[in-house]
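Next comes structure.cif, with mmCIF, C-alpha atoms.
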```
data_target
#
loop_
_atom_site.label_atom_id
_atom_site.label_comp_id
_atom_site.auth_asym_id
_atom_site.auth_seq_id
_atom_site.Cartn_x
_atom_site.Cartn_y
_atom_site.Cartn_z
CA MET A 14 124.14 129.92 98.14
CA PRO A 15 123.64 126.11 97.68
CA ARG A 16 124.43 125.59 101.35
CA THR A 17 121.48 127.81 102.29
CA ARG A 18 119.11 126.22 99.78
CA PHE A 19 119.83 122.64 100.79
CA GLN A 20 120.76 122.95 104.48
CA ALA A 21 117.54 121.16 105.52
CA PHE A 22 119.14 117.95 104.17
CA ASP A 23 121.51 118.04 107.15
CA LEU A 24 118.55 117.03 109.34
CA LEU A 25 118.17 113.73 107.46
CA SER A 26 119.79 110.46 108.50
CA SER A 27 119.97 109.32 104.87
CA LEU A 28 123.00 110.26 102.75
CA VAL A 29 122.14 113.09 100.37
CA ALA A 30 124.02 114.84 97.59
CA VAL A 31 122.81 117.38 95.06
CA VAL A 32 124.69 117.00 91.77
CA ASP A 33 124.62 118.45 88.28
CA LEU A 34 123.94 116.29 85.23
CA ARG A 35 127.61 115.31 84.97
CA GLY A 36 127.67 114.09 88.58
CA GLN A 37 129.62 117.05 89.98
CA VAL A 38 128.59 117.53 93.62
CA ILE A 39 126.87 120.83 94.35
CA TYR A 40 125.95 119.99 97.95
CA ALA A 41 126.62 117.10 100.38
CA ASN A 42 124.84 116.68 103.71
CA ALA A 43 126.43 115.83 107.07
CA ALA A 44 125.37 112.16 106.95
CA LEU A 45 127.21 111.71 103.61
CA GLU A 46 130.33 113.32 105.13
CA ASP A 47 130.27 110.78 107.96
CA ALA A 48 129.66 107.81 105.66
CA LEU A 49 132.43 108.67 103.20
CA GLY A 50 134.88 109.81 105.87
CA ALA A 51 135.57 113.01 103.94
CA SER A 52 134.91 116.70 104.50
CA ARG A 53 132.05 118.44 102.78
CA ARG A 54 134.58 120.61 100.96
CA ALA A 55 136.35 117.55 99.54
CA ILE A 56 133.09 115.93 98.45
CA GLU A 57 131.78 119.10 96.84
CA SER A 58 134.93 119.40 94.73
CA SER A 59 134.52 115.87 93.31
CA ASN A 60 132.30 113.82 91.04
CA LEU A 61 129.85 111.62 92.95
CA CYS A 62 130.02 108.86 90.33
CA LYS A 63 133.60 108.11 91.46
CA ASP A 64 132.35 107.36 94.97
CA PHE A 65 130.56 104.24 93.76
CA VAL A 66 132.16 100.86 93.08
CA GLU A 67 130.34 100.88 89.72
CA PRO A 68 130.29 104.58 88.71
CA GLN A 69 128.64 103.95 85.35
CA ALA A 70 125.27 103.18 87.00
CA LEU A 71 124.91 106.69 88.43
CA GLN A 72 126.16 108.32 85.23
CA ALA A 73 123.61 106.31 83.21
CA ALA A 74 120.87 107.50 85.58
CA LEU A 75 121.98 111.13 85.19
CA ASP A 76 122.05 110.73 81.41
CA GLY A 77 118.49 109.44 81.60
CA VAL A 78 117.41 112.50 83.59
CA ALA A 79 119.15 114.78 81.07
CA ALA A 80 117.30 113.08 78.22
CA ASN A 81 113.97 113.39 80.10
CA ALA A 82 113.68 109.60 80.07
CA PHE A 83 112.43 109.70 83.68
CA ALA A 84 112.12 112.11 86.62
CA SER A 85 113.08 109.60 89.33
CA LEU A 86 114.82 106.24 89.58
CA ARG A 87 115.80 103.69 92.23
CA TYR A 88 118.54 101.08 92.25
CA ASP A 89 120.97 99.33 94.62
CA ALA A 90 124.69 100.13 94.63
CA LEU A 91 127.92 100.02 96.66
CA LEU A 92 129.32 103.28 98.04
CA GLN A 93 133.11 103.39 98.57
CA PRO A 94 134.46 105.43 101.54
CA HIS A 95 137.30 107.96 100.99
CA GLY A 96 140.86 108.40 102.22
CA SER A 97 141.81 106.42 105.30
CA ARG A 98 138.59 104.47 104.98
CA LEU A 99 139.40 103.14 101.50
CA ALA A 100 140.28 99.79 103.02
CA ALA A 101 136.82 99.63 104.61
CA GLU A 102 134.10 97.49 103.10
CA PRO A 103 131.90 99.29 100.56
CA ILE A 104 128.53 100.38 101.98
CA PRO A 105 125.45 98.75 100.38
CA VAL A 106 122.96 101.53 99.68
CA HIS A 107 119.58 101.97 98.02
CA VAL A 108 119.96 104.94 95.64
CA ILE A 109 117.03 107.24 94.85
CA ILE A 110 117.52 109.71 91.98
CA THR A 111 115.08 112.65 91.93
CA GLN A 112 115.07 115.60 89.57
CA THR A 113 114.59 119.04 91.15
CA GLU A 114 112.57 121.92 89.76
CA ASP A 115 115.84 123.18 88.35
CA ARG A 116 116.33 120.59 85.59
CA LEU A 117 120.09 120.98 85.81
CA GLU A 118 120.17 119.65 89.38
CA VAL A 119 119.49 116.15 90.68
CA ILE A 120 119.05 114.95 94.28
CA VAL A 121 120.82 111.66 94.97
CA GLU A 122 119.58 110.08 98.19
CA MET A 123 121.41 106.99 99.44
CA LEU A 124 119.78 104.84 102.12
CA PRO A 125 122.09 102.31 103.75
CA GLN A 126 120.48 98.91 103.18
CA GLU A 127 120.17 98.31 106.91
CA ALA A 128 118.26 101.57 107.32
CA GLN A 129 116.08 100.78 104.31
CA GLU A 130 115.29 97.34 105.71
CA LYS A 131 114.44 98.92 109.09
CA LEU A 132 112.12 101.41 107.38
CA ASP A 133 110.44 98.61 105.42
CA ARG A 134 110.06 96.61 108.64
CA GLU A 135 108.49 99.59 110.42
CA GLU A 136 106.03 100.05 107.56
CA ARG A 137 105.12 96.35 107.61
CA ASN A 138 104.65 96.44 111.39
CA ALA A 139 102.48 99.55 111.19
CA THR A 140 100.33 97.99 108.46
CA GLN A 141 100.06 94.73 110.40
CA ALA A 142 99.18 96.59 113.61
CA LEU A 143 96.41 98.46 111.81
CA ALA A 144 95.05 95.21 110.38
CA ASN A 145 95.29 93.59 113.82
CA LYS A 146 93.35 96.46 115.38
CA GLU A 147 90.52 96.17 112.89
CA LEU A 148 90.49 92.38 113.21
CA ILE A 149 90.36 92.57 117.00
CA ARG A 150 87.59 95.14 117.07
CA ASN A 151 85.45 93.24 114.58
CA LEU A 152 86.09 89.88 116.23
CA ALA A 153 85.40 91.24 119.71
CA HIS A 154 82.08 92.80 118.67
CA GLU A 155 81.04 89.59 116.91
CA ILE A 156 81.79 87.56 120.05
CA LYS A 157 80.27 90.08 122.45
CA ASN A 158 76.72 89.99 121.07
CA PRO A 159 76.00 86.22 121.37
CA LEU A 160 77.84 86.08 124.71
CA GLY A 161 75.20 88.23 126.40
CA GLY A 162 72.45 85.96 125.07
CA ILE A 163 74.22 82.79 126.20
CA ARG A 164 74.78 84.09 129.72
CA GLY A 165 71.25 85.44 130.02
CA ALA A 166 69.71 82.16 128.84
CA ALA A 167 71.82 80.18 131.33
CA GLN A 168 70.70 82.43 134.19
CA LEU A 169 67.02 82.07 133.26
CA LEU A 170 67.42 78.30 132.99
CA GLN A 171 69.03 78.20 136.42
CA LEU A 172 66.07 80.05 137.95
CA GLU A 173 63.60 77.57 136.40
CA LEU A 174 65.26 74.51 137.90
CA SER A 175 63.64 73.08 141.06
CA ASP A 176 65.65 71.83 144.02
CA THR A 177 66.02 68.15 143.06
CA GLU A 178 69.13 66.00 142.69
CA LYS A 179 68.84 66.10 138.91
CA ALA A 180 68.26 69.84 139.04
CA LYS A 181 71.41 70.27 141.11
CA SER A 182 73.52 68.57 138.45
CA LEU A 183 71.84 70.65 135.77
CA THR A 184 72.54 73.76 137.85
CA GLU A 185 76.22 72.84 137.78
CA TYR A 186 76.06 72.84 133.97
CA THR A 187 74.45 76.29 133.90
CA GLN A 188 77.13 77.56 136.26
CA VAL A 189 79.81 76.25 133.89
CA ILE A 190 78.12 78.08 131.01
CA ILE A 191 77.94 81.31 133.04
CA HIS A 192 81.55 80.97 134.21
CA GLU A 193 82.88 80.37 130.68
CA ALA A 194 80.74 83.21 129.28
CA ASP A 195 82.23 85.53 131.92
CA ARG A 196 85.74 84.36 131.01
CA LEU A 197 85.11 85.13 127.34
CA GLN A 198 83.59 88.48 128.31
CA THR A 199 86.80 89.36 130.17
CA LEU A 200 88.85 88.42 127.09
CA VAL A 201 86.64 90.58 124.85
CA ASP A 202 86.93 93.51 127.26
CA ARG A 203 90.72 93.23 127.09
CA LEU A 204 90.59 93.15 123.30
CA LEU A 205 88.49 96.31 123.20
CA GLU A 206 90.29 98.13 126.04
CA PRO A 207 92.68 100.29 123.98
CA HIS A 208 89.84 101.38 121.65
CA ARG A 209 87.24 102.03 124.33
CA LYS A 210 88.96 104.16 126.96
CA PRO A 211 89.75 107.78 126.01
CA ARG A 212 93.42 108.72 126.30
CA GLU A 213 94.41 110.98 129.18
CA ILE A 214 97.24 113.19 127.94
CA GLY A 215 99.51 114.90 130.44
CA ASP A 216 103.15 115.37 131.38
CA VAL A 217 104.92 112.01 131.69
CA ASN A 218 108.17 111.28 133.49
CA ILE A 219 109.44 107.95 132.16
CA HIS A 220 111.24 107.16 135.42
CA GLU A 221 108.01 107.49 137.41
CA VAL A 222 106.52 104.98 134.97
CA CYS A 223 109.45 102.59 135.48
CA GLU A 224 109.35 102.95 139.27
CA ARG A 225 105.63 102.18 139.37
CA VAL A 226 106.16 99.03 137.33
CA ARG A 227 109.22 98.07 139.34
CA SER A 228 107.26 98.22 142.60
CA LEU A 229 104.52 96.00 141.14
CA ILE A 230 106.98 93.41 139.82
CA VAL A 231 108.99 93.27 143.05
CA ALA A 232 105.78 92.86 145.09
CA GLU A 233 104.65 89.92 142.93
CA PHE A 234 108.07 88.27 142.63
CA PRO A 235 109.84 89.07 145.93
CA LYS A 236 112.42 86.25 145.90
CA GLY A 237 115.27 85.56 143.49
CA LEU A 238 114.53 88.46 141.11
CA LYS A 239 116.52 91.69 140.96
CA VAL A 240 115.05 94.66 139.07
CA VAL A 241 117.96 96.91 138.10
CA ARG A 242 117.69 100.64 137.34
CA ASP A 243 120.00 102.23 134.77
CA TYR A 244 118.47 105.68 134.28
CA ASP A 245 119.55 108.80 132.41
CA THR A 246 117.99 111.36 134.73
CA SER A 247 118.46 114.18 132.20
CA ILE A 248 115.57 112.86 130.07
CA PRO A 249 112.84 115.53 130.06
CA ASP A 250 109.12 114.99 130.61
CA PHE A 251 106.96 114.60 127.52
CA ARG A 252 103.26 114.65 126.68
CA GLY A 253 101.58 111.29 126.77
CA ASP A 254 99.16 108.92 128.52
CA LYS A 255 100.92 107.82 131.70
CA GLU A 256 98.55 104.92 132.42
CA GLN A 257 98.98 103.53 128.92
CA LEU A 258 102.75 103.62 129.27
CA ILE A 259 102.62 101.98 132.71
CA GLN A 260 100.51 99.20 131.21
CA THR A 261 102.95 98.87 128.30
CA VAL A 262 106.04 98.54 130.50
CA LEU A 263 104.19 96.29 132.95
CA ASN A 264 103.07 93.91 130.18
CA ILE A 265 106.66 93.51 128.95
CA ALA A 266 108.24 93.26 132.42
CA HIS A 267 105.58 90.85 133.68
CA ASN A 268 106.12 88.59 130.66
CA ALA A 269 109.84 88.65 131.42
CA ALA A 270 109.33 87.76 135.08
CA GLN A 271 107.04 84.87 134.20
CA VAL A 272 109.74 83.13 132.13
CA LEU A 273 112.40 83.45 134.85
CA PRO A 274 111.38 80.80 137.44
CA GLU A 275 114.56 78.76 136.95
CA ARG A 276 116.73 81.84 137.34
CA MET A 277 114.71 82.88 140.38
CA ALA A 278 115.30 79.47 141.94
CA GLU A 279 119.03 80.03 141.45
CA GLY A 280 118.74 83.58 142.79
CA ASP A 281 120.19 85.37 139.73
CA ALA A 282 117.08 86.45 137.77
CA ARG A 283 117.46 90.00 136.42
CA ILE A 284 115.24 92.55 134.71
CA VAL A 285 116.91 95.83 133.74
CA PHE A 286 115.18 99.15 133.05
CA LYS A 287 117.57 101.36 131.07
CA THR A 288 116.71 104.82 129.74
CA ARG A 289 118.72 106.82 127.23
CA ILE A 290 118.35 109.81 124.89
CA ALA A 291 118.73 109.10 121.16
CA ARG A 292 119.47 111.90 118.68
CA GLN A 293 118.35 112.37 115.08
CA VAL A 294 115.95 109.42 115.09
CA THR A 295 113.63 108.51 112.22
CA LEU A 296 110.25 107.10 113.26
CA GLY A 297 107.66 106.38 110.61
CA LYS A 298 109.50 108.45 107.99
CA ARG A 299 109.59 111.47 110.33
CA ARG A 300 112.89 112.80 111.62
CA HIS A 301 113.04 113.70 115.32
CA ARG A 302 115.86 115.67 116.91
CA LEU A 303 115.51 113.83 120.23
CA ALA A 304 113.84 110.61 121.30
CA LEU A 305 113.51 108.59 124.48
CA GLU A 306 114.79 105.02 124.44
CA LEU A 307 113.55 102.67 127.14
CA HIS A 308 115.28 99.27 127.17
CA ILE A 309 113.70 96.42 129.13
CA GLN A 310 116.14 93.51 129.37
CA ASP A 311 115.94 90.10 131.02
CA ASN A 312 118.26 87.10 131.31
CA GLY A 313 115.60 84.50 130.58
CA PRO A 314 115.52 81.70 128.00
CA GLY A 315 114.62 84.01 125.09
CA ILE A 316 111.66 84.11 122.75
CA PRO A 317 110.99 80.80 120.97
CA PRO A 318 112.28 81.12 117.37
CA GLU A 319 109.02 79.86 115.88
CA ILE A 320 107.05 82.86 117.22
CA LYS A 321 109.76 85.54 117.23
CA ASP A 322 108.50 87.19 114.03
CA ARG A 323 104.89 87.08 115.27
CA ILE A 324 105.41 88.12 118.88
CA PHE A 325 103.28 91.28 118.54
CA TYR A 326 100.41 89.50 116.78
CA PRO A 327 97.24 89.03 118.88
CA LEU A 328 96.73 85.66 120.60
CA VAL A 329 100.38 84.61 120.01
CA SER A 330 102.08 83.56 123.25
CA GLY A 331 105.23 81.63 124.11
CA ARG A 332 103.92 80.76 127.56
CA GLU A 333 101.47 78.03 128.52
CA GLY A 334 98.18 79.66 129.46
CA GLY A 335 99.17 83.09 128.12
CA SER A 336 96.47 85.15 126.37
CA GLY A 337 98.86 86.59 123.78
CA LEU A 338 97.39 90.08 124.21
CA GLY A 339 99.98 91.84 126.41
CA LEU A 340 102.48 92.67 123.67
CA THR A 341 99.73 93.50 121.17
CA LEU A 342 98.37 96.10 123.59
CA ALA A 343 101.90 97.35 124.29
CA GLN A 344 102.51 97.87 120.58
CA THR A 345 99.18 99.70 120.19
CA PHE A 346 99.92 102.05 123.11
CA VAL A 347 103.45 102.84 121.88
CA GLN A 348 102.18 103.57 118.36
CA GLN A 349 99.60 105.93 119.83
CA HIS A 350 102.60 107.88 121.19
CA GLU A 351 104.08 108.00 117.65
CA GLY A 352 106.74 105.59 118.85
CA LEU A 353 108.21 102.24 117.96
CA ILE A 354 108.71 99.01 119.89
CA GLU A 355 111.38 96.51 118.82
CA VAL A 356 112.76 93.28 120.25
CA GLU A 357 116.00 91.32 120.06
CA SER A 358 116.22 87.93 121.70
CA GLN A 359 118.57 85.02 122.19
CA PRO A 360 118.94 82.49 125.00
CA GLY A 361 120.08 84.32 128.12
CA ARG A 362 119.17 87.81 126.89
CA THR A 363 115.97 89.40 125.61
CA GLU A 364 115.67 93.15 125.10
CA PHE A 365 112.61 95.20 124.21
CA LYS A 366 113.36 98.75 123.08
CA ILE A 367 110.66 101.41 123.18
CA THR A 368 111.44 104.62 121.27
CA ILE A 369 109.23 107.68 121.74
CA PRO A 370 109.91 111.15 120.27
CA LEU A 371 110.71 113.94 122.73
CA PRO A 372 109.75 117.62 122.32
#
```

Just give me the structure of the file as structure tokens.
Amino acid sequence: MPRTRFQAFDLLSSLVAVVDLRGQVIYANAALEDALGASRRAIESSNLCKDFVEPQALQAALDGVAANAFASLRYDALLQPHGSRLAAEPIPVHVIITQTEDRLEVIVEMLPQEAQEKLDREERNATQALANKELIRNLAHEIKNPLGGIRGAAQLLQLELSDTEKAKSLTEYTQVIIHEADRLQTLVDRLLEPHRKPREIGDVNIHEVCERVRSLIVAEFPKGLKVVRDYDTSIPDFRGDKEQLIQTVLNIAHNAAQVLPERMAEGDARIVFKTRIARQVTLGKRRHRLALELHIQDNGPGIPPEIKDRIFYPLVSGREGGSGLGLTLAQTFVQQHEGLIEVESQPGRTEFKITIPLP
């Protein structure tokens, strides 16, 4: 009976046990089996308190639930694997105690610290991306209005000038104003692009996206750069905006190519497109049975350490003359597909990983 009631917990990546008020395990999910290195049967015939390096912490929490001191509690602990894994290092976990409707049962959820940190990082990135989006939209609209006036005034002034030597020099000044106004207008249009154009949803094949980008990169950088394919052709199509995803992959790959001139000169510059299927992936607190992983790797100098934590912020660029908008737009487009974009970088190897849920 408990197996049927709690079987949905097997879909979670976090470690979950349902225990009574003494700590006796009523149900253990598959993730807890894997972490402890023990069968479900063995776990369900034991007391969960004994699986912690400091068992008294869990027992104190259960005593608090029994006394109605609280309905939920969080704390950090060390989980000790079973049997042949006893020699393994204890697993740092964030423990969440939650009382069920049946007051004699308690759900103990254990999030490995690495997973908890990843979840916290995703939440921070999502919050920052939302703030960035609002900032960009407001800033772009504030810039856009006076720009039109500046350009219009410069054009009218240019028409009023007569054909004299002094007028010619003044005309040059008006042309500078018009040129710079146009440059700012282009920047504003790029800032507003993801919020202005309606999404076009259709069936997307990720390898068609990669091949389109590959052809563009090879055409622009024909010498010294090899674009390698490492595809899992079993990945199914999914619903999405193909043009957005092409722009996303192109922004990342183009950035990579632009930092590889030294490698290109030596003839060993590489960009790798690798696709894989990931299973049981959590994105934004939602569990997905299948997800697409697209890895974009290069063998360049790496992201400068001083901007690594801010690489997706608008107007942050590690390249001279860069606008700092390419990765911001990439992050926005991936989030609109309910996905996640991450980066790992060190000298000689930078990898962006795009994860998007599959149907």

Inset, instruction - Rounded to one decimal place, report the atom CA of Glu224 of chain A-atom CA of Arg276 of chain A distance in Å. - result: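 Atom-to-atom, atom CA of Glu224 of chain A to atom CA of Arg276 of chain A, that is 22.4 Å.
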
Legend entry - Selection result of the PyMOL selection byres ((chain A and resi 346) around 12) on this file, as an NGL selection string: :A and (142 or 146 or 206-208 or 210 or 212 or 253-262 or 264 or 339-345 or 347-354 or 367-369)

Inset, instruction - Record the distance separating atom CA of Cys62 of chain A and atom CA of Leu117 of chain A, expressed in Å with one decimal. - result: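 About the pair atom CA of Cys62 of chain A and atom CA of Leu117 of chain A: they are 16.3 Å apart.
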
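When the PyMOL selection byres ((chain A and resi 76-79) around 10) is evaluated against the file, it yields Asp33, Leu34, Arg35, Gly36, Ala70, Leu71, Gln72, Ala73, Ala74, Leu75, Ala80, Asn81, Ala82, Phe83, Ala84, Ser85, Leu86, Ile110, Thr111, Gln112, Arg116, Leu117, Glu118 and Val119 of chain A.
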
Legend entry - Top pick for closest residue to His220 of chain A, considering A:Leu371, A:Ala166, A:Leu305, A:Ala90 and counting only C-alpha atoms: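 Closest to His220 of chain A of all the choices is A:Leu305.
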
Take every atom of segment 302-319 of chain A listed in the file, pad by 3 Å on each side, and give me the axis-aligned box centre and edge lengths in Å, one decimal, as AutoDock Vina command-line options.
```
--center_x 113.6 --center_y 97.8 --center_z 123.6 --size_x 15.2 --size_y 41.8 --size_z 21.4
```

Inset, instruction - For each of A:Phe251, A:Arg164, A:Pro274, A:Ile265, take the minimum atom-to-atom distance to Phe325 of chain A, counting only C-alpha atoms, then give the residue where this is smallest. - result: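 Once distances to Phe325 of chain A are computed over only C-alpha atoms, the minimum belongs to A:Ile265.
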
Legend entry - Evaluate the PyMOL selection byres ((chain A and resi 365) around 8) and report residues as number ranges by chain: A: 265, 308-310, 354-357, 363-364, 366-367

Inset, instruction - Could you tell me which of A:Ala43, A:Ala291, A:Ala194, A:Val38 comes closest to Ala21 of chain A if we count all atoms listed in the file? - result: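 The shortest atom-to-atom distance to Ala21 of chain A comes from A:Ala43.
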
Legend entry - Atomic distance atom CA of Phe65 of chain A - atom CA of Leu91 of chain A, expressed in Å with one decimal: 5.8 Å

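Compared by their closest atoms to Pro94 of chain A, and using only C-alpha atoms, the residues A:Phe19, A:Ala48, A:Val285, A:Gln37 rank with A:Ala48 nearest.
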
Legend entry - Selected residue of minimal separation from Tyr186 of chain A among A:Ala282, A:Leu174, A:Val31, A:Leu303, counting only C-alpha atoms: A:Leu174

Legend entry - Selected residue, from A:Gly313, A:Pro370, A:Pro360, A:Gly165, that lies nearest to Gln293 of chain A when counting only C-alpha atoms: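 Looking only at the distances to Gln293 of chain A, the closest residue turns out to be A:Pro370.
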
Please complete segment 61-91 of chain A with N, CA and C atoms and give it back as an mmCIF file, in the frame of the given file.
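Below is the file result03.cif, written as the result:
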```
data_model
loop_
_atom_site.group_PDB
_atom_site.id
_atom_site.type_symbol
_atom_site.label_atom_id
_atom_site.label_comp_id
_atom_site.auth_asym_id
_atom_site.auth_seq_id
_atom_site.Cartn_x
_atom_site.Cartn_y
_atom_site.Cartn_z
ATOM 1 N N LEU A 61 130.450 112.646 92.102
ATOM 2 C CA LEU A 61 129.850 111.620 92.950
ATOM 3 C C LEU A 61 129.942 110.230 92.318
ATOM 4 N N CYS A 62 129.950 110.164 91.005
ATOM 5 C CA CYS A 62 130.020 108.860 90.330
ATOM 6 C C CYS A 62 131.241 108.064 90.803
ATOM 7 N N LYS A 63 132.353 108.779 91.068
ATOM 8 C CA LYS A 63 133.600 108.110 91.460
ATOM 9 C C LYS A 63 133.534 107.514 92.865
ATOM 10 N N ASP A 64 132.491 107.888 93.614
ATOM 11 C CA ASP A 64 132.350 107.360 94.970
ATOM 12 C C ASP A 64 131.644 106.007 95.000
ATOM 13 N N PHE A 65 131.231 105.532 93.830
ATOM 14 C CA PHE A 65 130.560 104.240 93.760
ATOM 15 C C PHE A 65 131.503 103.194 93.173
ATOM 16 N N VAL A 66 131.351 101.945 93.610
ATOM 17 C CA VAL A 66 132.160 100.860 93.080
ATOM 18 C C VAL A 66 131.923 100.703 91.580
ATOM 19 N N GLU A 67 130.684 100.917 91.150
ATOM 20 C CA GLU A 67 130.340 100.880 89.720
ATOM 21 C C GLU A 67 129.814 102.254 89.322
ATOM 22 N N PRO A 68 130.704 103.191 88.980
ATOM 23 C CA PRO A 68 130.290 104.580 88.710
ATOM 24 C C PRO A 68 129.369 104.742 87.522
ATOM 25 N N GLN A 69 129.439 103.795 86.574
ATOM 26 C CA GLN A 69 128.640 103.950 85.350
ATOM 27 C C GLN A 69 127.131 103.917 85.617
ATOM 28 N N ALA A 70 126.707 103.270 86.713
ATOM 29 C CA ALA A 70 125.270 103.180 87.000
ATOM 30 C C ALA A 70 124.686 104.553 87.301
ATOM 31 N N LEU A 71 125.394 105.345 88.122
ATOM 32 C CA LEU A 71 124.910 106.690 88.430
ATOM 33 C C LEU A 71 124.969 107.578 87.206
ATOM 34 N N GLN A 72 126.056 107.483 86.420
ATOM 35 C CA GLN A 72 126.160 108.320 85.230
ATOM 36 C C GLN A 72 125.053 108.002 84.238
ATOM 37 N N ALA A 73 124.704 106.706 84.115
ATOM 38 C CA ALA A 73 123.610 106.310 83.210
ATOM 39 C C ALA A 73 122.291 106.901 83.696
ATOM 40 N N ALA A 74 122.094 106.917 85.027
ATOM 41 C CA ALA A 74 120.870 107.500 85.580
ATOM 42 C C ALA A 74 120.809 108.999 85.296
ATOM 43 N N LEU A 75 121.944 109.689 85.460
ATOM 44 C CA LEU A 75 121.980 111.130 85.190
ATOM 45 C C LEU A 75 121.762 111.427 83.718
ATOM 46 N N ASP A 76 122.288 110.566 82.858
ATOM 47 C CA ASP A 76 122.050 110.730 81.410
ATOM 48 C C ASP A 76 120.578 110.571 81.091
ATOM 49 N N GLY A 77 119.933 109.641 81.813
ATOM 50 C CA GLY A 77 118.490 109.440 81.600
ATOM 51 C C GLY A 77 117.683 110.655 82.021
ATOM 52 N N VAL A 78 118.084 111.280 83.135
ATOM 53 C CA VAL A 78 117.410 112.500 83.590
ATOM 54 C C VAL A 78 117.615 113.611 82.559
ATOM 55 N N ALA A 79 118.845 113.743 82.057
ATOM 56 C CA ALA A 79 119.150 114.780 81.070
ATOM 57 C C ALA A 79 118.333 114.609 79.799
ATOM 58 N N ALA A 80 118.068 113.364 79.450
ATOM 59 C CA ALA A 80 117.300 113.080 78.220
ATOM 60 C C ALA A 80 115.798 113.056 78.478
ATOM 61 N N ASN A 81 115.390 113.423 79.718
ATOM 62 C CA ASN A 81 113.970 113.390 80.100
ATOM 63 C C ASN A 81 113.363 112.000 79.972
ATOM 64 N N ALA A 82 114.192 110.976 80.141
ATOM 65 C CA ALA A 82 113.680 109.600 80.070
ATOM 66 C C ALA A 82 112.866 109.271 81.316
ATOM 67 N N PHE A 83 113.179 109.895 82.435
ATOM 68 C CA PHE A 83 112.430 109.700 83.680
ATOM 69 C C PHE A 83 112.755 110.862 84.620
ATOM 70 N N ALA A 84 111.897 111.061 85.619
ATOM 71 C CA ALA A 84 112.120 112.110 86.620
ATOM 72 C C ALA A 84 112.691 111.547 87.913
ATOM 73 N N SER A 85 112.532 110.231 88.126
ATOM 74 C CA SER A 85 113.080 109.600 89.330
ATOM 75 C C SER A 85 113.431 108.149 89.016
ATOM 76 N N LEU A 86 114.330 107.610 89.813
ATOM 77 C CA LEU A 86 114.820 106.240 89.580
ATOM 78 C C LEU A 86 115.370 105.688 90.882
ATOM 79 N N ARG A 87 115.249 104.369 91.057
ATOM 80 C CA ARG A 87 115.800 103.690 92.230
ATOM 81 C C ARG A 87 116.649 102.509 91.788
ATOM 82 N N TYR A 88 117.752 102.281 92.499
ATOM 83 C CA TYR A 88 118.540 101.080 92.250
ATOM 84 C C TYR A 88 119.468 100.845 93.443
ATOM 85 N N ASP A 89 120.043 99.669 93.531
ATOM 86 C CA ASP A 89 120.970 99.330 94.620
ATOM 87 C C ASP A 89 122.407 99.460 94.126
ATOM 88 N N ALA A 90 123.292 99.903 95.018
ATOM 89 C CA ALA A 90 124.690 100.130 94.630
ATOM 90 C C ALA A 90 125.593 99.964 95.842
ATOM 91 N N LEU A 91 126.910 100.085 95.595
ATOM 92 C CA LEU A 91 127.920 100.020 96.660
ATOM 93 C C LEU A 91 128.675 101.337 96.690
#
```
